[in-house]
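Participant: Got a structure here, written out as structure tokens. Questions coming.
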Amino acid sequence: MPAALHAQPQPSPRVVVQRFRGPRGSALRRQLIRDLEDHGVVVLDDAEVRAARERLGFDRSLEGSQYVDLARELNVSAYVDGRVRRRRRRWAARIRVRNASDGERLGSATWGGRTAASLGAVRRNGYARLEEYLTQASSPAAAA
């Protein structure tokens, strides 16, 4: 039998999508979450993340090793954050992926256009443009 038939399926990545800053950031975040979930990514609920942060005694914003400690608690492999900006007649969004096992940034993708609606492309191709970084990410819980 071919080895491919015996290959174990990869578990779905578990990620935390943090709040997006800037105008229309919340709407963009919701669109990205829908696209990630449509591609099998498990996005943790905000309430679950908030409860874990409180148990660990962390503030709203994470720093340094706090990313790793929270990821170990939640068994997540990546953090995703974003920022939306409007300058003159252009809209731009940058979404970044951070590795949960060491807190380092893996990479980012940008979207832009003349209207805020042009950022809606995140709903169509957010996962595709971030997939490389999401597959590189790992959970510190797996190492423990």
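Letters A, B, ... go to the chains of the structure tokens in the order shown; residues in each chain start at 1; ligands are counted from 1 in the same order.
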Could you go through region 23-93 of chain A and tell me which residues DSSP, when run on the backbone, assigns to helix (DSSP H, G or I), listing them as a VMD selection string?
Facilitator: chain A and resid 25 to 38 46 to 56 65 to 74
Participant: Given the selection you just returned, output its residues as a file containing N, CA, C and O atoms, formatted as a compact mmCIF listing (two decimals), in the first residue's frame.
Facilitator:
# COMPACT_ATOMS: atom_id res chain seq x y z
N GLY A 25 -12.01 47.64 11.78
CA GLY A 25 -11.20 46.50 12.17
C GLY A 25 -12.03 45.32 12.64
O GLY A 25 -11.72 44.17 12.32
N SER A 26 -13.10 45.59 13.38
CA SER A 26 -13.95 44.51 13.87
C SER A 26 -14.60 43.74 12.74
O SER A 26 -14.68 42.51 12.77
N ALA A 27 -15.07 44.46 11.73
CA ALA A 27 -15.71 43.81 10.58
C ALA A 27 -14.70 42.96 9.82
O ALA A 27 -15.01 41.83 9.41
N LEU A 28 -13.50 43.47 9.64
CA LEU A 28 -12.46 42.72 8.93
C LEU A 28 -12.10 41.46 9.72
O LEU A 28 -11.91 40.39 9.14
N ARG A 29 -12.01 41.59 11.03
CA ARG A 29 -11.69 40.44 11.89
C ARG A 29 -12.75 39.35 11.73
O ARG A 29 -12.44 38.17 11.59
N ARG A 30 -14.03 39.74 11.74
CA ARG A 30 -15.11 38.75 11.57
C ARG A 30 -15.01 38.05 10.22
O ARG A 30 -15.23 36.84 10.12
N GLN A 31 -14.67 38.79 9.17
CA GLN A 31 -14.55 38.19 7.84
C GLN A 31 -13.40 37.18 7.81
O GLN A 31 -13.54 36.10 7.24
N LEU A 32 -12.29 37.54 8.43
CA LEU A 32 -11.15 36.62 8.46
C LEU A 32 -11.50 35.36 9.25
O LEU A 32 -11.19 34.24 8.82
N ILE A 33 -12.16 35.52 10.38
CA ILE A 33 -12.55 34.36 11.19
C ILE A 33 -13.42 33.42 10.39
O ILE A 33 -13.23 32.20 10.40
N ARG A 34 -14.38 33.95 9.65
CA ARG A 34 -15.26 33.10 8.82
C ARG A 34 -14.44 32.32 7.80
O ARG A 34 -14.65 31.13 7.59
N ASP A 35 -13.50 32.99 7.15
CA ASP A 35 -12.69 32.32 6.14
C ASP A 35 -11.79 31.26 6.77
O ASP A 35 -11.66 30.16 6.23
N LEU A 36 -11.18 31.55 7.90
CA LEU A 36 -10.34 30.56 8.57
C LEU A 36 -11.17 29.33 8.96
O LEU A 36 -10.76 28.19 8.72
N GLU A 37 -12.33 29.56 9.54
CA GLU A 37 -13.18 28.44 9.96
C GLU A 37 -13.68 27.63 8.77
O GLU A 37 -13.78 26.40 8.85
N ASP A 38 -13.95 28.29 7.65
CA ASP A 38 -14.36 27.57 6.44
C ASP A 38 -13.27 26.63 5.94
O ASP A 38 -13.54 25.67 5.23
N ASP A 46 -13.58 34.32 22.05
CA ASP A 46 -13.02 35.39 22.87
C ASP A 46 -13.20 35.14 24.36
O ASP A 46 -12.30 35.44 25.15
N ALA A 47 -14.34 34.60 24.75
CA ALA A 47 -14.60 34.35 26.18
C ALA A 47 -13.62 33.32 26.74
O ALA A 47 -13.15 33.47 27.88
N GLU A 48 -13.30 32.31 25.97
CA GLU A 48 -12.35 31.29 26.41
C GLU A 48 -10.95 31.89 26.58
O GLU A 48 -10.25 31.59 27.56
N VAL A 49 -10.56 32.74 25.66
CA VAL A 49 -9.25 33.38 25.73
C VAL A 49 -9.21 34.34 26.92
O VAL A 49 -8.24 34.35 27.69
N ARG A 50 -10.26 35.11 27.10
CA ARG A 50 -10.33 36.06 28.22
C ARG A 50 -10.25 35.33 29.56
O ARG A 50 -9.52 35.74 30.47
N ALA A 51 -10.96 34.22 29.69
CA ALA A 51 -10.95 33.45 30.94
C ALA A 51 -9.55 32.90 31.23
O ALA A 51 -9.08 32.94 32.38
N ALA A 52 -8.86 32.42 30.22
CA ALA A 52 -7.51 31.90 30.40
C ALA A 52 -6.55 33.02 30.78
O ALA A 52 -5.68 32.85 31.65
N ARG A 53 -6.71 34.18 30.16
CA ARG A 53 -5.87 35.34 30.50
C ARG A 53 -6.06 35.73 31.96
O ARG A 53 -5.09 36.02 32.67
N GLU A 54 -7.31 35.73 32.41
CA GLU A 54 -7.60 36.08 33.80
C GLU A 54 -7.03 35.05 34.76
O GLU A 54 -6.48 35.40 35.80
N ARG A 55 -7.14 33.77 34.43
CA ARG A 55 -6.57 32.71 35.28
C ARG A 55 -5.06 32.89 35.45
O ARG A 55 -4.51 32.63 36.51
N LEU A 56 -4.41 33.32 34.36
CA LEU A 56 -2.96 33.51 34.39
C LEU A 56 -2.55 34.87 34.94
O LEU A 56 -1.36 35.13 35.14
N SER A 65 6.97 36.45 26.86
CA SER A 65 6.69 35.06 27.23
C SER A 65 5.22 34.82 27.56
O SER A 65 4.79 33.67 27.66
N GLN A 66 4.45 35.88 27.74
CA GLN A 66 3.02 35.70 28.02
C GLN A 66 2.31 35.03 26.85
O GLN A 66 1.36 34.27 27.05
N TYR A 67 2.78 35.29 25.62
CA TYR A 67 2.21 34.61 24.46
C TYR A 67 2.37 33.10 24.60
O TYR A 67 1.45 32.34 24.35
N VAL A 68 3.55 32.67 25.00
CA VAL A 68 3.83 31.24 25.13
C VAL A 68 3.02 30.63 26.27
O VAL A 68 2.43 29.56 26.12
N ASP A 69 2.96 31.32 27.41
CA ASP A 69 2.22 30.80 28.56
C ASP A 69 0.73 30.65 28.26
O ASP A 69 0.12 29.63 28.60
N LEU A 70 0.15 31.66 27.61
CA LEU A 70 -1.26 31.59 27.25
C LEU A 70 -1.50 30.50 26.21
O LEU A 70 -2.48 29.76 26.29
N ALA A 71 -0.60 30.37 25.26
CA ALA A 71 -0.74 29.34 24.22
C ALA A 71 -0.67 27.95 24.83
O ALA A 71 -1.40 27.05 24.41
N ARG A 72 0.19 27.76 25.80
CA ARG A 72 0.29 26.47 26.48
C ARG A 72 -1.03 26.16 27.21
O ARG A 72 -1.52 25.04 27.17
N GLU A 73 -1.59 27.16 27.84
CA GLU A 73 -2.86 27.00 28.57
C GLU A 73 -4.00 26.64 27.62
O GLU A 73 -4.85 25.81 27.94
N LEU A 74 -4.01 27.24 26.43
CA LEU A 74 -5.11 27.04 25.48
C LEU A 74 -4.81 26.02 24.40
O LEU A 74 -5.69 25.70 23.60
Participant: Would you pick out the contacts of Ser108 (chain A) at 7 Å or less, using only C-alpha atoms, so that residues sharing its chain but fewer than 4 positions from it are not included, and give the list as a PDB file with N, CA and C atoms, in the first residue's frame?
Facilitator:
ATOM      1  N   ARG A  94      -3.279  45.146   7.286  1.00  0.00           N
ATOM      2  CA  ARG A  94      -2.158  44.214   7.455  1.00  0.00           C
ATOM      3  C   ARG A  94      -2.560  43.229   8.540  1.00  0.00           C
ATOM      4  N   ILE A  95      -2.443  41.950   8.210  1.00  0.00           N
ATOM      5  CA  ILE A  95      -2.757  40.883   9.166  1.00  0.00           C
ATOM      6  C   ILE A  95      -1.480  40.093   9.391  1.00  0.00           C
ATOM      7  N   ARG A  96      -1.133  39.918  10.674  1.00  0.00           N
ATOM      8  CA  ARG A  96       0.119  39.248  11.040  1.00  0.00           C
ATOM      9  C   ARG A  96      -0.159  37.959  11.791  1.00  0.00           C
ATOM     10  N   VAL A  97       0.747  37.014  11.631  1.00  0.00           N
ATOM     11  CA  VAL A  97       0.659  35.725  12.328  1.00  0.00           C
ATOM     12  C   VAL A  97       1.885  35.602  13.233  1.00  0.00           C
TER      13      VAL A  97
END
Participant: Show me, as JSON, numbers by chain, the residues that have an atom within 10 Å of Ala116 (chain A) when counting only C-alpha atoms, minus same-chain residues fewer than 3 positions from it.
Facilitator: {"A": [23, 24, 28, 84, 85, 86, 89, 90, 91, 92, 93, 112, 113, 119, 120]}
Participant: Point out the residue among A:Arg88, A:His39, A:Arg124, A:Asn75 with the least atom-to-atom distance to Ala100 (chain A), counting only C-alpha atoms.
Facilitator: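 With only C-alpha atoms as the atom set, the closest residue is A:Asn75.
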Participant: What separation in Å, quoted to one decimal, exists between CA of Glu104 (chain A) and CA of Arg83 (chain A)?
Facilitator: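 According to the coordinates, CA of Glu104 (chain A) and CA of Arg83 (chain A) are separated by 17.8 Å.
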Participant: Looking only at the backbone, which of the residues in region 20-80 of chain A does DSSP tag as strand (DSSP E or B), as an MDAnalysis selection string?
Facilitator: chainID A and resid 20:21 42:43 78:80
Participant: For a quick check of understanding, using only C-alpha atoms, which of A:Arg19, A:Gln136, A:Asn125, A:Ser12 has the smallest distance to Val80 (chain A)?
Facilitator: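 Under the stated criterion, the closest residue is A:Arg19.
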Participant: CA of Ser77 (chain A) and CA of Glu131 (chain A) are how many Å apart?
Facilitator: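 Those two atoms sit 12.7 Å apart.
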Participant: Rank A:Thr115, A:Tyr79, A:Arg60, A:Val122 by their smallest atom-to-atom distance to Leu134 (chain A), using only C-alpha atoms, and report the top residue only.
Facilitator: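 Ranking A:Thr115, A:Tyr79, A:Arg60, A:Val122 by distance to Leu134 (chain A), first place goes to A:Tyr79.
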Participant: For Arg14 (chain A), list every protein, DNA or RNA residue within 8 Å, evaluated using only C-alpha atoms, and leave out those in the same chain fewer than 2 positions away; present the list as a short mmCIF file (atom, residue, chain, number, x, y, z; two decimals) with N, CA and C atoms, in the first residue's frame.
Facilitator:
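part.cif, written as the output of this step:
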data_model
loop_
_atom_site.label_atom_id
_atom_site.label_comp_id
_atom_site.auth_asym_id
_atom_site.auth_seq_id
_atom_site.Cartn_x
_atom_site.Cartn_y
_atom_site.Cartn_z
N SER A 12 -6.40 20.05 12.96
CA SER A 12 -6.75 21.42 12.59
C SER A 12 -5.99 22.39 13.47
N VAL A 16 -5.74 31.95 17.99
CA VAL A 16 -6.40 33.07 18.65
C VAL A 16 -6.35 34.24 17.69
N VAL A 41 -9.76 25.74 10.26
CA VAL A 41 -8.99 26.28 11.38
C VAL A 41 -9.94 26.47 12.56
N VAL A 42 -9.49 26.06 13.74
CA VAL A 42 -10.28 26.25 14.95
C VAL A 42 -9.90 27.59 15.55
N VAL A 43 -10.84 28.53 15.56
CA VAL A 43 -10.60 29.85 16.13
C VAL A 43 -11.24 29.86 17.51
N LEU A 44 -10.41 30.10 18.53
CA LEU A 44 -10.93 30.08 19.89
C LEU A 44 -11.84 31.27 20.14
N ASN A 75 -3.56 25.56 24.32
CA ASN A 75 -3.11 24.65 23.27
C ASN A 75 -3.37 25.23 21.88
N VAL A 76 -2.89 26.44 21.66
CA VAL A 76 -3.00 27.08 20.35
C VAL A 76 -1.63 27.13 19.69
N SER A 77 -1.64 27.20 18.37
CA SER A 77 -0.37 27.24 17.64
C SER A 77 -0.03 28.62 17.12
N ALA A 78 -1.02 29.51 17.01
CA ALA A 78 -0.73 30.83 16.44
C ALA A 78 -1.66 31.90 16.99
#
Participant: CA of Ser118 (chain A) and CA of Gly40 (chain A), how far apart in Å?
Facilitator: 24.5 Å
